[in-house]
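Enquirer: My structure file query-v7.cif, mmCIF, C-alpha atoms, is below:
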```cif
data_input
#
loop_
_atom_site.label_atom_id
_atom_site.label_comp_id
_atom_site.auth_asym_id
_atom_site.auth_seq_id
_atom_site.Cartn_x
_atom_site.Cartn_y
_atom_site.Cartn_z
CA MET J 1 -14.82 -37.48 -14.57
CA ILE J 2 -17.99 -36.42 -16.31
CA LYS J 3 -19.49 -39.91 -16.17
CA LYS J 4 -20.37 -39.52 -12.48
CA HIS J 5 -22.99 -36.94 -13.56
CA PHE J 6 -24.94 -39.48 -15.63
CA ASN J 7 -26.83 -42.64 -14.78
CA LYS J 8 -25.93 -44.25 -18.03
CA ILE J 9 -22.76 -43.58 -20.05
CA ILE J 10 -22.42 -44.18 -23.74
CA ALA J 11 -18.71 -44.44 -24.50
CA LEU J 12 -17.96 -42.75 -27.76
CA GLY J 13 -14.56 -43.04 -29.45
CA ILE J 14 -13.03 -40.14 -31.27
CA VAL J 15 -13.38 -40.63 -34.99
CA ALA J 16 -10.58 -39.05 -37.00
CA THR J 17 -12.61 -37.65 -39.84
CA SER J 18 -13.35 -34.36 -41.53
CA VAL J 19 -14.77 -31.69 -39.24
CA LEU J 20 -17.38 -30.73 -41.78
CA ALA J 21 -18.81 -34.25 -42.03
CA ILE J 22 -20.04 -34.48 -38.43
CA ASN J 23 -23.68 -33.86 -37.53
CA PRO J 24 -24.53 -30.85 -35.39
CA ILE J 25 -25.87 -31.11 -31.83
CA GLY J 26 -29.63 -30.85 -31.45
CA ALA J 27 -31.61 -28.46 -29.32
CA SER J 28 -31.55 -30.85 -26.32
CA ALA J 29 -27.82 -30.28 -25.79
CA GLU J 30 -26.72 -28.29 -22.74
CA TRP J 31 -23.39 -26.90 -21.50
CA LYS J 32 -22.17 -28.01 -18.06
CA GLN J 33 -19.09 -27.18 -16.01
CA ASP J 34 -17.17 -28.66 -13.09
CA SER J 35 -13.72 -28.11 -11.60
CA ASN J 36 -12.11 -29.95 -14.54
CA GLY J 37 -13.71 -27.91 -17.31
CA TRP J 38 -16.71 -27.66 -19.66
CA TRP J 39 -18.65 -30.43 -21.37
CA ASN J 40 -21.78 -30.64 -23.49
CA THR J 41 -24.63 -32.97 -22.58
CA GLU J 42 -26.45 -35.13 -25.13
CA GLY J 43 -29.47 -36.53 -23.37
CA SER J 44 -28.08 -38.95 -20.78
CA SER J 45 -24.57 -38.84 -22.27
CA TYR J 46 -22.06 -36.21 -23.38
CA SER J 47 -20.31 -35.01 -26.52
CA THR J 48 -16.98 -36.38 -27.69
CA GLY J 49 -14.96 -35.50 -30.75
CA TRP J 50 -16.05 -32.69 -33.06
CA LYS J 51 -19.50 -31.12 -32.53
CA LEU J 52 -21.20 -28.21 -34.28
CA ILE J 53 -22.94 -26.09 -31.63
CA ASP J 54 -24.75 -22.85 -32.50
CA GLY J 55 -22.85 -22.62 -35.77
CA LYS J 56 -19.37 -23.12 -34.24
CA TRP J 57 -17.19 -26.23 -34.09
CA TYR J 58 -15.94 -27.53 -30.73
CA TYR J 59 -13.78 -30.54 -29.85
CA PHE J 60 -14.37 -32.74 -26.79
CA ASP J 61 -11.90 -35.34 -25.54
CA SER J 62 -12.78 -38.97 -24.82
CA SER J 63 -13.87 -37.99 -21.29
CA GLY J 64 -16.18 -35.34 -22.73
CA TYR J 65 -14.25 -32.22 -21.73
CA MET J 66 -14.01 -29.31 -24.15
CA LYS J 67 -10.50 -28.68 -25.49
CA THR J 68 -8.76 -25.35 -26.13
CA GLY J 69 -5.52 -24.41 -27.85
CA TRP J 70 -3.85 -26.62 -30.46
CA ILE J 71 -5.14 -30.14 -31.08
CA GLN J 72 -4.34 -32.82 -33.64
CA ASP J 73 -7.06 -34.93 -35.24
CA GLY J 74 -6.92 -37.13 -38.29
CA GLY J 75 -3.35 -36.08 -39.00
CA LYS J 76 -4.29 -32.37 -39.09
CA TRP J 77 -3.75 -29.57 -36.60
CA TYR J 78 -6.52 -27.23 -35.45
CA TYR J 79 -6.66 -24.28 -33.08
CA LEU J 80 -9.49 -23.78 -30.56
CA TYR J 81 -10.02 -20.37 -28.93
CA GLY J 82 -10.37 -20.00 -25.17
CA SER J 83 -14.13 -20.30 -25.66
CA GLY J 84 -13.53 -23.69 -27.33
CA ALA J 85 -14.70 -22.48 -30.74
CA MET J 86 -12.52 -23.56 -33.68
CA ALA J 87 -10.51 -20.90 -35.51
CA LYS J 88 -10.70 -20.82 -39.31
CA ASN J 89 -9.71 -18.58 -42.23
CA THR J 90 -7.14 -16.81 -40.06
CA VAL J 91 -3.54 -16.88 -38.84
CA ILE J 92 -2.86 -17.98 -35.26
CA ASN J 93 0.60 -17.32 -33.81
CA GLY J 94 2.10 -17.34 -37.31
CA TYR J 95 0.29 -20.48 -38.52
CA GLU J 96 -2.26 -20.14 -41.33
CA LEU J 97 -5.58 -21.96 -40.92
CA ALA J 98 -7.84 -22.94 -43.84
CA TYR J 99 -11.62 -22.57 -44.24
CA ASP J 100 -12.10 -25.92 -42.44
CA GLY J 101 -9.80 -24.88 -39.57
CA ALA J 102 -6.87 -27.12 -40.53
CA TRP J 103 -3.34 -25.73 -40.40
CA ILE J 104 -2.02 -25.23 -43.94
CA GLN J 105 1.47 -26.65 -43.46
CA SER J 106 2.53 -25.94 -47.04
CA ALA J 107 1.77 -22.25 -46.49
CA GLN J 108 4.29 -21.88 -43.66
CA LYS J 109 7.04 -20.41 -45.85
CA GLU J 110 4.55 -18.12 -47.56
CA CYS J 111 3.49 -16.77 -44.17
CA GLU J 112 7.13 -16.03 -43.42
CA LYS J 113 7.44 -14.12 -46.70
CA VAL J 114 4.39 -12.00 -45.90
CA THR J 115 5.85 -11.15 -42.49
CA ILE J 116 9.17 -10.18 -44.03
CA ASN J 117 7.52 -7.99 -46.65
CA ASP J 118 5.09 -6.22 -44.31
CA ASN J 119 7.49 -3.33 -43.72
CA SER J 120 7.75 -2.51 -47.43
CA ASN J 121 3.94 -2.23 -47.61
CA PHE J 122 3.60 0.10 -44.61
CA ASN J 123 1.71 3.27 -45.56
CA ILE J 124 0.31 6.52 -44.18
CA ASP J 125 -3.00 4.93 -43.17
CA GLN J 126 -1.25 2.30 -41.09
CA PHE J 127 0.94 4.94 -39.49
CA ILE J 128 -2.05 7.09 -38.50
CA SER J 129 -3.99 4.05 -37.29
CA THR J 130 -1.08 2.98 -35.10
CA MET J 131 -0.56 6.47 -33.67
CA LYS J 132 -4.22 6.64 -32.69
CA THR J 133 -3.71 3.60 -30.46
CA LYS J 134 -0.92 5.45 -28.67
CA VAL J 135 -2.17 9.03 -28.25
CA ASP J 136 -5.58 10.64 -27.89
CA ASN J 137 -5.36 13.52 -30.36
CA VAL J 138 -4.15 12.88 -33.91
CA GLU J 139 -5.09 15.19 -36.78
CA VAL J 140 -4.00 14.95 -40.40
CA LYS J 141 -4.11 17.57 -43.13
CA ASP J 142 -2.84 17.77 -46.71
CA GLU J 143 -0.03 20.18 -47.57
CA LYS J 144 1.69 21.18 -50.80
CA PRO J 145 5.12 19.60 -51.39
CA PHE J 146 8.14 21.73 -50.56
CA SER J 147 9.84 23.09 -53.66
CA ASP J 148 13.35 22.39 -52.36
CA PHE J 149 12.93 19.53 -49.88
CA LEU J 150 11.66 16.10 -51.01
CA PRO J 151 9.67 17.85 -53.75
CA ASP J 152 8.53 14.63 -55.45
CA ALA J 153 6.59 13.41 -52.42
CA THR J 154 2.98 13.94 -51.46
CA ARG J 155 3.11 15.73 -48.11
CA LYS J 156 0.85 15.59 -45.09
CA ILE J 157 1.11 17.23 -41.68
CA VAL J 158 0.29 15.06 -38.67
CA ASP J 159 -0.59 17.04 -35.55
CA ILE J 160 -0.09 15.02 -32.34
CA ASP J 161 -1.18 17.06 -29.33
CA GLY J 162 0.39 20.18 -30.86
CA GLU J 163 3.56 18.45 -32.08
CA TYR J 164 3.91 18.45 -35.87
CA LEU J 165 5.26 15.71 -38.10
CA ASN J 166 5.91 16.04 -41.82
CA VAL J 167 5.02 12.84 -43.64
CA TYR J 168 6.38 12.38 -47.17
CA ILE J 169 4.49 9.79 -49.20
CA TYR J 170 5.83 7.95 -52.24
CA SER J 171 4.30 5.58 -54.75
CA SER J 172 6.49 2.66 -53.71
CA ASN J 173 9.05 1.49 -51.20
CA GLN J 174 11.72 1.79 -53.89
CA GLU J 175 10.91 5.47 -54.54
CA MET J 176 10.91 6.19 -50.82
CA GLU J 177 14.31 4.54 -50.32
CA LYS J 178 15.76 6.53 -53.22
CA ALA J 179 14.56 9.79 -51.66
CA ALA J 180 15.75 8.77 -48.18
CA SER J 181 19.25 8.07 -49.47
CA SER J 182 19.53 11.67 -50.71
CA ILE J 183 19.09 13.31 -47.29
CA TYR J 184 22.34 14.52 -45.76
CA SER J 185 23.47 12.68 -42.64
CA ASN J 186 22.95 15.68 -40.35
CA GLY J 187 19.27 15.97 -41.32
CA TYR J 188 19.88 19.57 -42.29
CA GLU J 189 20.21 19.48 -46.06
CA TYR J 190 18.70 17.59 -48.96
CA THR J 191 20.36 16.73 -52.25
CA CYS J 192 18.04 17.19 -55.20
CA THR J 193 18.83 15.52 -58.51
CA SER J 194 17.05 16.49 -61.71
CA ALA J 195 17.63 15.88 -65.42
CA ASN J 196 18.04 19.61 -66.15
CA ALA J 197 19.85 20.98 -63.14
CA GLY J 198 21.92 17.97 -62.17
CA THR J 199 22.65 17.60 -58.45
CA THR J 200 21.92 20.58 -56.21
CA SER J 201 21.75 21.10 -52.47
CA ALA J 202 18.95 22.83 -50.62
CA GLY J 203 19.19 23.93 -47.00
CA ASN J 204 16.55 22.67 -44.56
CA GLY J 205 16.91 25.71 -42.32
CA TRP J 206 13.29 25.86 -41.15
CA ASN J 207 13.78 22.61 -39.21
CA LYS J 208 17.31 22.66 -37.84
CA PHE J 209 17.14 19.60 -35.67
CA GLY J 210 15.43 17.14 -37.99
CA HIS J 211 14.82 13.51 -37.08
CA PHE J 212 13.96 11.19 -39.97
CA TYR J 213 12.20 7.81 -39.89
CA LYS J 214 11.20 5.57 -42.77
CA LYS J 215 9.10 2.51 -43.47
CA GLY J 216 7.10 1.19 -46.39
CA ASN J 217 6.43 4.12 -48.72
CA ILE J 218 6.69 6.99 -46.21
CA ILE J 219 9.35 9.17 -44.60
CA VAL J 220 8.44 10.89 -41.33
CA GLN J 221 10.25 14.02 -40.16
CA TYR J 222 10.04 15.33 -36.61
CA GLY J 223 11.76 18.52 -35.44
CA GLY J 224 10.69 18.61 -31.82
CA THR J 225 12.06 17.39 -28.50
CA LYS J 226 9.13 15.56 -26.86
CA GLU J 227 10.26 12.26 -25.35
CA ASN J 228 6.86 10.62 -25.89
CA ILE J 229 6.99 11.37 -29.61
CA PHE J 230 10.47 9.88 -29.93
CA TYR J 231 9.28 6.82 -28.03
CA ASP J 232 6.29 6.25 -30.31
CA LEU J 233 8.26 6.86 -33.52
CA ASN J 234 10.95 4.43 -32.41
CA ASP J 235 8.29 1.84 -31.62
CA ILE J 236 6.74 2.15 -35.06
CA PHE J 237 9.79 2.73 -37.28
CA GLY J 238 12.80 1.69 -35.26
CA GLU J 239 15.64 4.15 -34.75
CA GLN J 240 15.82 7.24 -36.95
CA PHE J 241 17.77 6.53 -40.11
CA ILE J 242 19.25 10.02 -40.28
CA GLY J 243 19.09 13.25 -38.31
CA TYR J 244 20.26 15.20 -35.31
CA THR J 245 21.24 12.79 -32.53
CA LYS J 246 22.20 14.93 -29.54
CA ASN J 247 20.14 14.43 -26.37
CA ILE J 248 17.48 12.19 -27.95
CA SER J 249 15.55 10.23 -25.34
CA ILE J 250 13.03 7.52 -26.13
CA LYS J 251 11.79 7.02 -22.59
CA LYS J 252 8.07 7.59 -22.31
CA VAL J 253 7.21 9.30 -19.07
CA ASN J 254 4.00 8.46 -17.16
CA SER J 255 2.67 6.55 -20.15
CA LYS J 256 0.11 3.76 -20.12
CA TYR J 257 2.27 2.10 -22.77
CA LYS J 258 5.29 0.42 -21.23
CA LYS J 259 8.12 -2.01 -21.76
CA ILE J 260 8.24 -5.25 -19.80
CA SER J 261 11.10 -3.86 -17.72
CA ASP J 262 8.87 -0.91 -16.76
CA VAL J 263 6.13 -3.08 -15.24
CA THR J 264 8.50 -5.53 -13.50
CA GLY J 265 11.26 -3.16 -12.40
CA ILE J 266 13.77 -5.69 -13.71
CA ASN J 267 16.72 -4.79 -15.91
CA LEU J 268 16.36 -7.45 -18.60
CA ASP J 269 20.09 -7.21 -19.35
CA ASP J 270 20.69 -8.81 -15.93
CA ILE J 271 18.87 -12.03 -16.89
CA THR J 272 21.27 -15.00 -16.87
CA LYS J 273 18.95 -17.98 -17.43
CA ILE J 274 15.58 -18.70 -19.03
CA VAL J 275 13.53 -21.86 -18.46
CA PHE J 276 10.83 -22.42 -21.08
CA GLY J 277 7.66 -24.41 -20.48
CA ASP J 278 5.39 -25.75 -23.22
CA GLY J 279 1.60 -25.81 -22.93
CA ARG J 280 1.48 -28.61 -25.49
CA GLY J 281 3.11 -30.99 -23.04
CA TYR J 282 6.63 -30.92 -24.46
CA LYS J 283 9.75 -30.93 -22.28
CA GLN J 284 11.19 -27.87 -20.57
CA ILE J 285 14.15 -26.19 -22.23
CA THR J 286 16.73 -24.28 -20.20
CA VAL J 287 18.78 -21.54 -21.86
CA GLU J 288 21.97 -20.45 -20.10
CA ASP J 289 24.23 -19.54 -23.00
CA GLU J 290 24.91 -15.81 -22.65
CA GLN J 291 24.49 -14.98 -26.33
CA LYS J 292 21.26 -16.98 -26.63
CA VAL J 293 19.84 -15.35 -23.51
CA LYS J 294 20.65 -11.92 -24.98
CA GLU J 295 19.07 -12.94 -28.29
CA PHE J 296 15.74 -13.76 -26.63
CA ILE J 297 15.87 -10.73 -24.33
CA LYS J 298 16.22 -8.54 -27.43
CA TYR J 299 13.02 -10.11 -28.80
CA LEU J 300 11.25 -9.66 -25.46
CA ASP J 301 12.31 -6.03 -25.20
CA GLY J 302 10.45 -5.34 -28.46
CA TYR J 303 7.12 -5.67 -26.67
CA VAL J 304 5.19 -2.54 -25.74
CA ILE J 305 2.30 -3.33 -23.42
CA THR J 306 -0.52 -1.76 -21.49
CA GLU J 307 -2.55 -3.04 -18.57
CA GLY J 308 -5.26 -5.52 -19.55
CA LYS J 309 -7.93 -7.68 -17.98
CA ASN J 310 -8.25 -11.39 -17.36
CA PRO J 311 -9.97 -12.82 -20.47
CA GLU J 312 -11.84 -16.08 -20.87
CA SER J 313 -9.74 -19.11 -20.03
CA THR J 314 -7.48 -19.86 -22.98
CA GLY J 315 -4.84 -22.35 -23.99
CA TRP J 316 -1.19 -21.39 -24.19
CA ILE J 317 1.87 -22.63 -26.02
CA HIS J 318 4.91 -21.00 -24.41
CA SER J 319 5.79 -19.79 -20.94
CA ALA J 320 9.14 -18.83 -19.46
CA ASP J 321 10.72 -18.21 -16.07
CA PHE J 322 13.56 -15.70 -16.04
CA TYR J 323 16.45 -15.94 -13.59
CA ILE J 324 19.19 -13.66 -12.35
CA ASN J 325 21.79 -16.18 -11.26
CA GLU J 326 19.62 -18.73 -9.37
CA THR J 327 16.82 -16.37 -8.39
CA ASP J 328 13.55 -16.63 -10.33
CA VAL J 329 12.66 -12.97 -10.92
CA MET J 330 9.95 -13.03 -13.61
CA SER J 331 7.39 -15.33 -15.20
CA VAL J 332 5.81 -14.73 -18.61
CA THR J 333 3.09 -16.70 -20.37
CA PHE J 334 3.01 -15.87 -24.07
CA VAL J 335 -0.70 -15.48 -24.76
CA ASP J 336 -2.75 -12.44 -25.69
CA PRO J 337 -3.15 -10.68 -23.32
CA LEU J 338 0.37 -11.40 -22.10
CA ILE J 339 0.59 -12.72 -18.52
CA ILE J 340 3.54 -11.30 -16.56
CA ASN J 341 3.91 -12.39 -12.94
CA GLY J 342 0.19 -13.19 -12.86
CA ASN J 343 -0.91 -9.82 -14.27
CA TYR J 344 -2.48 -9.31 -17.71
CA TYR J 345 -1.14 -6.92 -20.36
CA ASN J 346 -2.43 -6.12 -23.84
CA ILE J 347 0.25 -6.20 -26.53
CA ILE J 348 0.51 -2.82 -28.29
CA GLN J 349 3.77 -3.36 -30.16
CA GLY J 350 5.82 -6.45 -30.88
CA GLY J 351 3.18 -9.01 -31.77
CA LEU J 352 2.75 -12.53 -30.41
CA ASP J 353 4.84 -14.83 -32.60
CA ALA J 354 4.76 -18.44 -31.38
CA LYS J 355 6.64 -19.60 -34.45
CA LYS J 356 9.55 -17.25 -33.71
CA ILE J 357 9.76 -18.68 -30.18
CA ASP J 358 9.51 -22.22 -31.59
CA ASP J 359 12.39 -21.53 -33.97
CA PHE J 360 14.46 -20.02 -31.16
CA LEU J 361 13.93 -23.12 -28.98
CA LYS J 362 14.82 -25.41 -31.85
CA SER J 363 18.09 -23.47 -32.23
CA ILE J 364 18.80 -24.42 -28.60
CA ASP J 365 17.68 -28.05 -28.84
CA ASN J 366 17.54 -29.51 -32.34
CA SER J 367 15.28 -32.33 -31.14
CA TYR J 368 12.61 -29.82 -30.15
CA ASP J 369 9.39 -30.63 -32.03
CA ILE J 370 7.44 -27.43 -32.69
CA MET J 371 4.14 -29.31 -32.92
CA ALA J 372 4.76 -31.89 -30.19
CA GLY J 373 2.46 -32.77 -27.33
CA LEU J 374 -0.80 -31.34 -28.64
#
```
Any chance you could give the structure as structure tokens?

Expert:
Amino acid sequence: MIKKHFNKIIALGIVATSVLAINPIGASAEWKQDSNGWWNTEGSSYSTGWKLIDGKWYYFDSSGYMKTGWIQDGGKWYYLYGSGAMAKNTVINGYELAYDGAWIQSAQKECEKVTINDNSNFNIDQFISTMKTKVDNVEVKDEKPFSDFLPDATRKIVDIDGEYLNVYIYSSNQEMEKAASSIYSNGYEYTCTSANAGTTSAGNGWNKFGHFYKKGNIIVQYGGTKENIFYDLNDIFGEQFIGYTKNISIKKVNSKYKKISDVTGINLDDITKIVFGDGRGYKQITVEDEQKVKEFIKYLDGYVITEGKNPESTGWIHSADFYINETDVMSVTFVDPLIINGNYYNIIQGGLDAKKIDDFLKSIDNSYDIMAGL
């Protein structure tokens, strides 16, 4: 307890009131730490409740210790970073926070809509930005449209370490989808429709083994055989929607970007049971139904990670132990960076979606309260 550090203790109750109405701490305040955590001194006492320190809001429990993660105060939910500072004007794990830090519960469905619609807004800038996180050398140059292959698109060439991608850019997702639907299923020919000539077919002979990907308002065409390129394109776009399929591999060799199975050596398809823990103090949930286990493994397999470092101490919401029969083979704590078997990994692809995990757990146990125990 903090009180052993003071000669005189002033017991302060937590007042459930607006964060913005509380007075800031004066210059005499000082941070202290013991084995139980951090607290902030106020003369001969210590801070409790909300305090504004150096322009940032912090929350201290009734014993004076700084809180992290999700907390509830005055009927509202707030999120505190690992440093203790309150998050505001942002989205944390799928939950939107207002200017005063409070979770905007009415905005939950709107957040879901934004997530659903993100793919239709994906553009060339986002594609290039994402590729630059995966490879060292990415160059882009403008090219004239082909006269007989996707002629209505703006075309760019993306050079990735000497491998060339054609990127066809449209004004909208609808225009892109219309063009994509006109490419023959073997990726070798393109059907061109015009008011004057009607429907014609043009051979794509300069790129025999075409592989086509689409998202947002762009179509990406790759005619090479590099496994790393296939891996990155599949990560960004999903599987090719049309094209040559023989001998395609999406395994990335000697890459710093890996799947969870790569860093653990575990075949995730062998997992038979998952036991979820909850950092908010809610009960454990055990998943043994084969279909439900496969459903979550599919979500987990969407992560692409790279080695990270231990950050500041931070709160967490979900953790899970994975079993093959009765043997515990893997432990994952769903924070950023991700903690797998005690090691830290930055999330490159997949995103950290606490709400998706919450919804999955509620599908297992309908009594599960997604905001319980904070």

Enquirer: Just checking: using all atoms listed in the file, which residue out of J:Phe322, J:Phe237, J:Trp39, J:Tyr168 ends up closest to Asp269 (chain J)?

Expert: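 For Asp269 (chain J), the nearest of the given residues is J:Phe322.
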
Enquirer: If you apply the PyMOL selection byres ((chain J and resi 318) around 6) to this file, what residues do you get, as JSON, numbers by chain?

Expert: {"J": [277, 278, 317, 319, 334]}

Enquirer: For Val332 (chain J), please output as a ChimeraX atom specification all residues within 8 Å (counting all atoms listed in the file; exclusion window: fewer than 4 positions along the same chain).

Expert: /J:319-321,338-341

Enquirer: Within 10 Å of Ser120 (chain J), counting all atoms listed in the file, which residues show up once you throw out same-chain ones fewer than 4 positions away? Write them as a PyMOL selection string, please.

Expert: chain J and resi 116+172-174+176+214-218

Enquirer: CA of Thr306 (chain J) and CA of Gln291 (chain J), how far apart in Å?

Expert: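 CA of Thr306 (chain J) lies 28.7 Å from CA of Gln291 (chain J).
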
Enquirer: Please, what distance in Å, to one decimal, runs between CA of Gly302 (chain J) and CA of Gly350 (chain J)?

Expert: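 Here the two named atoms are 5.3 Å from each other.
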
Enquirer: Apply the PyMOL selection byres ((chain J and resi 328) around 12) to the structure shown and report the selected residues as a PyMOL selection string.

Expert: chain J and resi 266+270-275+320-327+329-332+341

Enquirer: Evaluated on this file, the PyMOL selection byres ((chain J and resi 349) around 8) picks out some residues - which ones are they, written as a ChimeraX atom specification?

Expert: /J:235-236,302-305,347-348,350-351

Enquirer: Using CA of Ser363 (chain J) and CA of Lys292 (chain J) as the two end points, give the distance in Å to one decimal.

Expert: 9.1 Å

Enquirer: Residues near region 141-158 of chain J, anyone? I mean within 7 Å using only C-alpha atoms, not counting same-chain ones fewer than 6 positions away, as a list in words.

Expert: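 Near region 141-158 of chain J, the qualifying residues are Tyr164, Leu165, Asn166, Val167, Tyr168, Ile169, Tyr170, Ala179, Tyr190 and Ala202 of chain J.
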
Enquirer: Let me make sure I understand: among J:Leu52, J:Val220, J:Val335, J:Val91, which one has the smallest atom-to-atom distance to Ile124 (chain J) if we use only C-alpha atoms?

Expert: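 Going through J:Leu52, J:Val220, J:Val335, J:Val91 one by one, the smallest distance to Ile124 (chain J) is for J:Val220.
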
Enquirer: Counting all atoms listed in the file, which of J:Val138, J:Ile219, J:Met86, J:Ile229 gets nearest to Ile53 (chain J)?

Expert: J:Met86

Enquirer: Please define a box with edges along x, y and z of the file around all atoms of region 43-53 of chain J given in the file, extend it by 6 Å on each side, and return its centre and edge lengths in Å to one decimal, as lines of an AutoDock Vina configuration file.

Expert:
```
center_x = -22.2
center_y = -32.5
center_z = -27.5
size_x = 26.5
size_y = 24.9
size_z = 25.5
```

Enquirer: Might you pull out every residue within 9 Å of Lys76 (chain J), with only C-alpha atoms counted and same-chain residues fewer than 3 positions away left off, and present them as a PDB file with C-alpha atoms, keeping the file's coordinate frame?

Expert:
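The resulting selection_25.pdb:
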```
ATOM      1  CA  ILE J  71      -5.140 -30.140 -31.080  1.00  0.00           C
ATOM      2  CA  GLN J  72      -4.340 -32.820 -33.640  1.00  0.00           C
ATOM      3  CA  ASP J  73      -7.060 -34.930 -35.240  1.00  0.00           C
ATOM      4  CA  ALA J 102      -6.870 -27.120 -40.530  1.00  0.00           C
ATOM      5  CA  TRP J 103      -3.340 -25.730 -40.400  1.00  0.00           C
ATOM      6  CA  ILE J 104      -2.020 -25.230 -43.940  1.00  0.00           C
TER       7      ILE J 104
END
```

Enquirer: Compare J:Tyr222, J:Gly64, J:Gly308, J:Gly243 by their minimum atom-to-atom distance to Lys51 (chain J), counting all atoms listed in the file, and give me the closest one.

Expert: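 For Lys51 (chain J), the nearest of the candidates is J:Gly64.
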